[in-house]
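J.: Dropping in target.txt, which is compact mmCIF, C-alpha atoms and all ligand atoms:
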```txt
# COMPACT_ATOMS: atom_id res chain seq x y z
CA SER Y 7 132.12 99.23 158.46
CA LYS Y 8 129.47 100.31 156.00
CA ASN Y 9 130.53 97.89 153.26
CA ASN Y 10 129.96 94.92 155.49
CA ASN Y 11 126.36 95.83 156.06
CA PRO Y 12 124.40 93.11 154.18
CA PHE Y 13 121.32 95.34 154.03
CA LYS Y 14 123.21 98.06 152.22
CA LYS Y 15 123.88 95.78 149.24
CA LEU Y 16 120.31 94.53 149.14
CA ASN Y 17 119.05 98.06 149.44
CA ASP Y 18 121.19 99.17 146.51
CA GLU Y 19 119.95 96.29 144.36
CA ILE Y 20 116.34 97.08 145.15
CA PHE Y 21 116.95 100.72 144.35
CA VAL Y 22 118.47 99.89 140.94
CA TYR Y 23 115.65 97.46 140.19
CA VAL Y 24 112.92 99.95 141.05
CA ALA Y 25 114.57 102.69 139.01
CA LYS Y 26 114.75 100.34 136.01
CA LYS Y 27 111.10 99.37 136.32
CA GLN Y 28 110.06 103.00 136.66
CA LYS Y 29 111.88 103.78 133.45
CA GLU Y 30 110.15 100.92 131.64
CA ILE Y 31 106.75 102.09 132.85
CA GLU Y 32 107.51 105.61 131.65
CA GLU Y 33 108.50 104.29 128.24
CA LEU Y 34 105.28 102.24 127.98
CA ARG Y 35 103.24 105.29 128.97
CA ARG Y 36 104.97 107.32 126.28
CA ILE Y 37 104.23 104.69 123.63
CA GLU Y 38 100.62 104.43 124.78
CA GLN Y 39 100.25 108.21 124.64
CA PHE Y 40 101.78 108.30 121.16
CA ARG Y 41 99.42 105.54 120.00
CA ARG Y 42 96.40 107.34 121.37
CA GLU Y 43 97.32 110.64 119.75
CA PHE Y 44 98.14 108.93 116.47
CA LEU Y 45 94.78 107.19 116.41
CA ALA Y 46 92.96 110.44 117.19
CA ASP Y 47 94.86 112.26 114.41
CA VAL Y 48 94.25 109.49 111.91
CA SER Y 49 90.52 109.25 112.62
CA HIS Y 50 90.21 112.99 112.24
CA GLU Y 51 92.10 112.98 108.93
CA LEU Y 52 90.07 110.06 107.59
CA LYS Y 53 86.76 111.63 108.55
CA THR Y 54 87.29 114.76 106.51
CA PRO Y 55 87.33 113.19 103.02
CA ILE Y 56 84.75 110.56 103.98
CA PHE Y 57 82.28 113.20 105.21
CA ALA Y 58 82.86 115.28 102.10
CA ALA Y 59 82.28 112.40 99.68
CA GLN Y 60 79.27 111.26 101.70
CA GLY Y 61 77.79 114.75 101.59
CA PHE Y 62 78.05 115.04 97.80
CA ILE Y 63 76.70 111.56 97.17
CA HIS Y 64 73.73 111.95 99.53
CA THR Y 65 72.87 115.33 98.03
CA LEU Y 66 72.88 113.69 94.61
CA LEU Y 67 70.61 110.89 95.87
CA ASP Y 68 68.28 113.44 97.46
CA GLY Y 69 67.52 114.88 94.04
CA ALA Y 70 70.53 116.87 92.82
CA ILE Y 71 71.20 114.01 90.42
CA ASP Y 72 68.38 115.29 88.18
CA ASP Y 73 70.22 118.54 87.55
CA GLU Y 74 72.68 117.81 84.79
CA LYS Y 75 75.13 120.59 85.70
CA VAL Y 76 75.16 119.85 89.40
CA ARG Y 77 75.50 116.12 88.76
CA GLY Y 78 78.89 116.36 87.04
CA LYS Y 79 80.22 118.88 89.52
CA PHE Y 80 79.24 116.90 92.61
CA LEU Y 81 80.50 113.62 91.22
CA ALA Y 82 83.84 115.23 90.43
CA LYS Y 83 84.05 116.59 93.98
CA ALA Y 84 83.16 113.22 95.49
CA ALA Y 85 85.83 111.59 93.31
CA LYS Y 86 88.41 114.16 94.40
CA SER Y 87 87.68 113.48 98.06
CA LEU Y 88 88.03 109.75 97.52
CA ASP Y 89 91.32 110.26 95.65
CA GLY Y 90 92.53 112.20 98.67
CA LEU Y 91 91.43 109.38 100.94
CA ASP Y 92 93.33 106.91 98.77
CA ALA Y 93 96.51 109.00 98.93
CA LEU Y 94 96.12 109.34 102.69
CA VAL Y 95 95.75 105.60 103.27
CA LYS Y 96 98.79 104.89 101.06
CA ASP Y 97 100.92 107.42 102.96
CA LEU Y 98 99.69 106.07 106.29
CA VAL Y 99 100.67 102.54 105.38
CA ALA Y 100 104.09 103.71 104.19
CA LEU Y 101 104.66 105.75 107.35
CA SER Y 102 103.54 103.06 109.76
CA GLN Y 103 105.74 100.47 108.06
CA LEU Y 104 108.68 102.84 108.31
CA GLU Y 105 107.95 103.67 111.95
CA THR Y 106 107.73 100.05 113.08
CA GLY Y 107 110.82 99.14 111.08
CA GLU Y 108 108.69 96.57 109.27
CA VAL Y 109 110.24 97.26 105.89
CA LYS Y 110 113.80 96.41 105.02
CA MET Y 111 115.78 98.82 102.93
CA HIS Y 112 117.29 97.39 99.78
CA PHE Y 113 120.48 99.29 99.18
CA GLU Y 114 121.73 99.49 95.63
CA ARG Y 115 123.83 101.72 93.44
CA VAL Y 116 121.57 104.58 92.36
CA ASP Y 117 122.33 107.51 90.07
CA LEU Y 118 120.64 110.54 91.62
CA HIS Y 119 120.88 112.58 88.43
CA GLU Y 120 118.87 109.94 86.62
CA VAL Y 121 116.35 109.77 89.47
CA VAL Y 122 115.80 113.52 89.31
CA GLY Y 123 115.34 113.34 85.52
CA GLU Y 124 112.64 110.70 85.87
CA ILE Y 125 110.83 112.67 88.56
CA PHE Y 126 110.97 115.84 86.46
CA ASP Y 127 109.32 113.90 83.61
CA GLN Y 128 106.54 112.77 85.94
CA LEU Y 129 105.94 116.19 87.47
CA GLU Y 130 106.36 118.13 84.22
CA LYS Y 131 102.64 118.53 83.76
CA ILE Y 132 101.84 120.03 87.17
CA ALA Y 133 104.93 122.23 86.92
CA HIS Y 134 103.92 123.38 83.47
CA ASN Y 135 100.38 124.18 84.61
CA LYS Y 136 101.83 126.52 87.22
CA GLY Y 137 104.49 127.94 84.90
CA VAL Y 138 107.21 126.55 87.16
CA SER Y 139 110.61 125.70 85.65
CA LEU Y 140 112.48 122.63 86.88
CA LYS Y 141 116.28 122.57 86.79
CA VAL Y 142 118.94 120.18 87.97
CA ARG Y 143 122.55 121.16 88.46
CA THR Y 144 125.55 119.01 89.29
CA ASP Y 145 129.30 119.39 89.59
CA LYS Y 146 129.62 115.67 88.86
CA PRO Y 147 128.41 115.19 85.31
CA ASN Y 148 129.82 111.67 85.06
CA GLY Y 149 127.44 110.16 87.53
CA THR Y 150 126.08 110.94 90.93
CA TRP Y 151 126.07 107.45 92.31
CA VAL Y 152 124.99 106.77 95.87
CA LYS Y 153 124.13 103.77 98.01
CA ALA Y 154 120.40 103.94 98.55
CA ASP Y 155 117.09 102.14 98.35
CA PRO Y 156 116.00 103.23 94.86
CA GLN Y 157 112.25 103.17 95.45
CA ARG Y 158 112.50 105.06 98.73
CA ILE Y 159 114.88 107.66 97.39
CA VAL Y 160 112.48 108.28 94.52
CA GLN Y 161 109.79 108.87 97.15
CA VAL Y 162 112.00 111.31 99.09
CA MET Y 163 112.92 113.30 95.99
CA THR Y 164 109.35 113.25 94.65
CA ASN Y 165 107.91 114.57 97.92
CA LEU Y 166 110.45 117.39 98.13
CA ILE Y 167 110.20 118.43 94.47
CA GLU Y 168 106.41 118.19 94.50
CA ASN Y 169 106.27 120.39 97.61
CA ALA Y 170 108.60 122.92 95.98
CA ILE Y 171 106.21 123.15 93.03
CA LYS Y 172 103.02 123.07 95.14
CA TYR Y 173 104.05 125.65 97.73
CA GLY Y 174 106.28 127.73 95.46
CA ASN Y 175 105.15 130.72 93.42
CA GLU Y 176 103.49 130.65 90.06
CA HIS Y 177 106.17 131.03 87.40
CA GLY Y 178 108.72 130.17 90.06
CA LYS Y 179 111.91 128.15 89.78
CA VAL Y 180 112.76 124.84 91.37
CA LEU Y 181 116.42 123.91 91.44
CA VAL Y 182 117.81 120.53 92.46
CA SER Y 183 121.57 120.56 93.14
CA LEU Y 184 123.79 117.51 93.41
CA GLU Y 185 127.25 118.29 94.71
CA GLU Y 186 129.93 116.06 96.14
CA ASP Y 187 132.23 116.20 99.09
CA LYS Y 188 134.75 113.56 100.15
CA LYS Y 189 132.24 110.93 101.17
CA ASN Y 190 128.82 112.11 100.11
CA ILE Y 191 126.58 113.54 97.49
CA LEU Y 192 124.87 116.63 98.85
CA VAL Y 193 121.34 116.96 97.61
CA SER Y 194 119.33 120.14 97.85
CA VAL Y 195 115.88 121.09 96.58
CA LYS Y 196 115.37 124.82 96.40
CA ASP Y 197 112.37 126.94 95.52
CA ASP Y 198 111.86 130.70 95.33
CA GLY Y 199 108.42 130.62 96.94
CA PRO Y 200 106.95 132.50 99.91
CA GLY Y 201 108.97 130.54 102.48
CA ILE Y 202 108.01 128.97 105.80
CA PRO Y 203 107.57 131.19 108.87
CA PRO Y 204 110.42 130.47 111.35
CA GLU Y 205 108.07 129.44 114.16
CA HIS Y 206 106.79 126.55 112.01
CA LEU Y 207 110.16 125.33 110.72
CA SER Y 208 110.92 122.83 113.46
CA ARG Y 209 107.46 121.26 113.21
CA ILE Y 210 106.92 120.62 109.50
CA PHE Y 211 108.40 117.11 109.77
CA GLU Y 212 105.71 116.03 112.24
CA ARG Y 213 102.88 113.94 110.85
CA PHE Y 214 99.84 115.99 109.80
CA TYR Y 215 101.57 119.27 110.58
CA ARG Y 216 100.72 121.92 108.02
CA VAL Y 217 101.64 125.57 108.00
CA ASP Y 218 98.42 126.53 106.21
CA LYS Y 219 95.84 123.81 106.69
CA SER Y 220 93.32 124.85 104.09
CA ARG Y 221 95.91 125.63 101.45
CA SER Y 222 97.74 122.34 101.95
CA LYS Y 223 94.52 120.32 101.68
CA GLU Y 224 93.36 122.24 98.66
CA ARG Y 225 96.64 121.25 97.01
CA GLY Y 226 96.02 117.61 97.72
CA GLY Y 227 98.50 117.16 100.55
CA THR Y 228 98.15 114.40 103.13
CA GLY Y 229 100.35 116.15 105.69
CA LEU Y 230 102.57 113.06 105.82
CA GLY Y 231 105.06 113.78 103.02
CA LEU Y 232 107.84 115.28 105.11
CA ALA Y 233 107.36 112.78 107.96
CA ILE Y 234 107.92 110.01 105.40
CA VAL Y 235 110.98 111.83 104.00
CA LYS Y 236 112.48 112.10 107.48
CA HIS Y 237 111.95 108.40 108.23
CA ILE Y 238 113.38 107.19 104.93
CA LEU Y 239 116.48 109.35 105.30
CA ASN Y 240 116.83 108.17 108.88
CA ALA Y 241 116.97 104.59 107.56
CA HIS Y 242 119.78 105.82 105.26
CA LYS Y 243 121.63 107.25 108.30
CA SER Y 244 120.96 110.68 106.89
CA LYS Y 245 119.23 113.75 108.21
CA ILE Y 246 117.15 116.35 106.42
CA THR Y 247 117.66 120.03 107.10
CA VAL Y 248 115.59 123.00 106.00
CA MET Y 249 116.42 126.65 105.52
CA SER Y 250 113.77 129.17 104.67
CA LYS Y 251 113.54 132.90 104.22
CA MET Y 252 110.23 134.68 103.95
CA GLU Y 253 109.54 135.93 100.43
CA LYS Y 254 112.81 134.38 99.25
CA GLY Y 255 112.22 130.66 99.31
CA THR Y 256 112.95 127.36 100.96
CA THR Y 257 115.77 124.84 100.63
CA PHE Y 258 115.69 121.25 101.87
CA SER Y 259 119.04 119.41 101.98
CA PHE Y 260 120.50 116.05 102.91
CA LYS Y 261 123.53 113.84 102.18
CA LEU Y 262 123.85 110.32 100.89
CA GLU Y 263 126.96 108.20 100.93
CA LYS Y 264 128.48 108.13 97.47
CA THR Y 265 129.75 105.10 95.65
CA ASP Y 266 131.65 104.48 92.40
P1 LIG N 301 101.55 118.20 102.75
O1 LIG N 301 100.94 116.92 102.35
O2 LIG N 301 100.61 119.11 103.49
O3 LIG N 301 102.29 118.87 101.64
P2 LIG N 301 104.18 117.75 103.95
O4 LIG N 301 104.54 116.90 105.13
O5 LIG N 301 104.78 117.39 102.64
O6 LIG N 301 102.58 117.75 103.90
O7 LIG N 301 104.53 119.25 104.30
C1 LIG N 301 104.12 119.81 105.55
C2 LIG N 301 103.87 121.31 105.41
O8 LIG N 301 105.12 122.01 105.21
C3 LIG N 301 103.02 121.71 104.21
O9 LIG N 301 101.64 121.62 104.51
C4 LIG N 301 103.47 123.13 103.94
O10 LIG N 301 102.75 124.00 104.78
C5 LIG N 301 104.93 123.14 104.39
N1 LIG N 301 105.89 123.05 103.25
C6 LIG N 301 106.49 121.95 102.77
N2 LIG N 301 107.33 122.22 101.75
C7 LIG N 301 107.26 123.57 101.57
C8 LIG N 301 107.90 124.50 100.66
N3 LIG N 301 108.78 124.07 99.74
N4 LIG N 301 107.58 125.82 100.77
C9 LIG N 301 106.70 126.24 101.70
N5 LIG N 301 106.07 125.43 102.59
C10 LIG N 301 106.34 124.10 102.52
```
I'd like the structure from this file rewritten - as structure tokens, please.
T.:
Amino acid sequence: SKNNNPFKKLNDEIFVYVAKKQKEIEELRRIEQFRREFLADVSHELKTPIFAAQGFIHTLLDGAIDDEKVRGKFLAKAAKSLDGLDALVKDLVALSQLETGEVKMHFERVDLHEVVGEIFDQLEKIAHNKGVSLKVRTDKPNGTWVKADPQRIVQVMTNLIENAIKYGNEHGKVLVSLEEDKKNILVSVKDDGPGIPPEHLSRIFERFYRVDKSRSKERGGTGLGLAIVKHILNAHKSKITVMSKMEKGTTFSFKLEKTD
């Protein structure tokens, strides 16, 4: 009968082996492709601020330095480009460490209400300059404790709140809500800004993806903020969701496991 055919068994084993190897090759190709694209993206993003700073500095050296008005202006622009470069490199390091799983999370008891208060203090100035009001609301006034890596959760909340201010309207409102269900604290960051067009919604968590390139760069964005948010929440076994309505605003939400 068929089952007694020694070649059949060998044939099956070879088939399984080849299929496995093909899968491994595919996976390696995918990683290689990702690496290549990442490198191309990164070089492009690095070039922009470097070229800009170079341009201003060379123009100064070529004589503009003698004009007192131009001097200050060009130096300020060169400095701004280099600040952008600095922010970009910092975000890149953070993202690559998160992507390779190089960093360990240090889970502790964290009070989210307190975290939001500290971030509001830090962002007060840029909010004030834009006339934006910052509010936090909770149905758990006695403590919104979660298990989280404090530093990373500060980064998540800062990125989301900063975006809400940056991309929201002048004189707009930013509301952070902390609500509880059985197991979790539900966090949401809501603005009443112009919103994100639906065709872009699924892509804003990709590295360097920006809805409006020039506007994002002008506002000092690296294009990595939401990619970092996604990775950090992933390491907390949590997922970020976004809802947006044109002319009404945008809400980002996620859950974290609560603790006493
Ligand atoms: P960036 O550094 O450009 O802010 P992010 O990864 O933080 O990068 O955000 C990606 C893009 O998503 C932004 O460039 C912006 O176009 C869009 N975006 C993020 N948050 C908001 C928001 N609250 N309202 C409108 N658009 C937003």
J.: I want to know what sits within 8 Å of segment 254-258 of chain Y, based on only C-alpha atoms, with residues of the same chain fewer than 6 positions away left out; could you give that as a VMD selection string?
T.: chain Y and resid 166 170 174 194 to 202 246 to 248
J.: Find the residues around segment 109-112 of chain Y up to 12 Å (all atoms listed in the file counted), leave out those fewer than 6 positions away in its own chain, and share them as a PyMOL selection string.
T.: chain Y and resi 99-103+153-159+237-243
J.: What is the distance between atom CA of Ala233 of chain Y and atom CA of Glu212 of chain Y, in Å to one decimal?
T.: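 Taking atom CA of Ala233 of chain Y as the start and atom CA of Glu212 of chain Y as the end point, the length is 5.6 Å.
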J.: Go ahead and compute the interatomic distance for atom CA of Asn190 of chain Y and atom CA of Val152 of chain Y, in Å to one decimal.
T.: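 We find that atom CA of Asn190 of chain Y and atom CA of Val152 of chain Y lie 7.8 Å from each other.
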J.: Taking all atoms listed in the file into account, which residues have an atom no farther than 6 Å from ligand LIG 301 (chain N)? I'd like them as a PyMOL selection string.
T.: chain Y and resi 169-170+173-174+201-202+210+215-218+222+227-233+256
J.: At a cut-off of 10 Å, using all atoms listed in the file, what residues contact Phe44 of chain Y? Leave out same-chain residues fewer than 5 positions from it and give the result as a list in words.
T.: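 Listed by chain and then number, they are Glu38, Gln39, Ser49, His50, Arg213 and Phe214 of chain Y.
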J.: Can you list, as a VMD selection string, every protein, DNA or RNA residue that comes within 8 Å of Pro55 of chain Y when you count all atoms listed in the file, leaving out same-chain residues fewer than 4 positions away?
T.: chain Y and resid 51 59 87 to 88 90 to 91
J.: Quick check, in Å to one decimal: how far apart do atom CA of Lys26 of chain Y and atom CA of Leu104 of chain Y lie?
T.: 28.5 Å
J.: Just the residues within 8 Å of Val122 of chain Y, please, counting only C-alpha atoms, with nothing from its chain fewer than 4 positions along; format it as a PyMOL selection string.
T.: chain Y and resi 118+126+142+163+182
J.: Let me make sure I understand: among Y:Ile20, Y:Val138, Y:Leu207, Y:Leu192, which one has the smallest atom-to-atom distance to Ser244 of chain Y if we use all atoms listed in the file?
T.: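 Looking at the shortest contact to Ser244 of chain Y, the residue is Y:Leu192.
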J.: Using all atoms listed in the file, can you tell me which of Y:His119, Y:Lys14, Y:Lys136, Y:Arg225 comes closest to Val193 of chain Y?
T.: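 So, comparing all the options, the nearest one is Y:His119.
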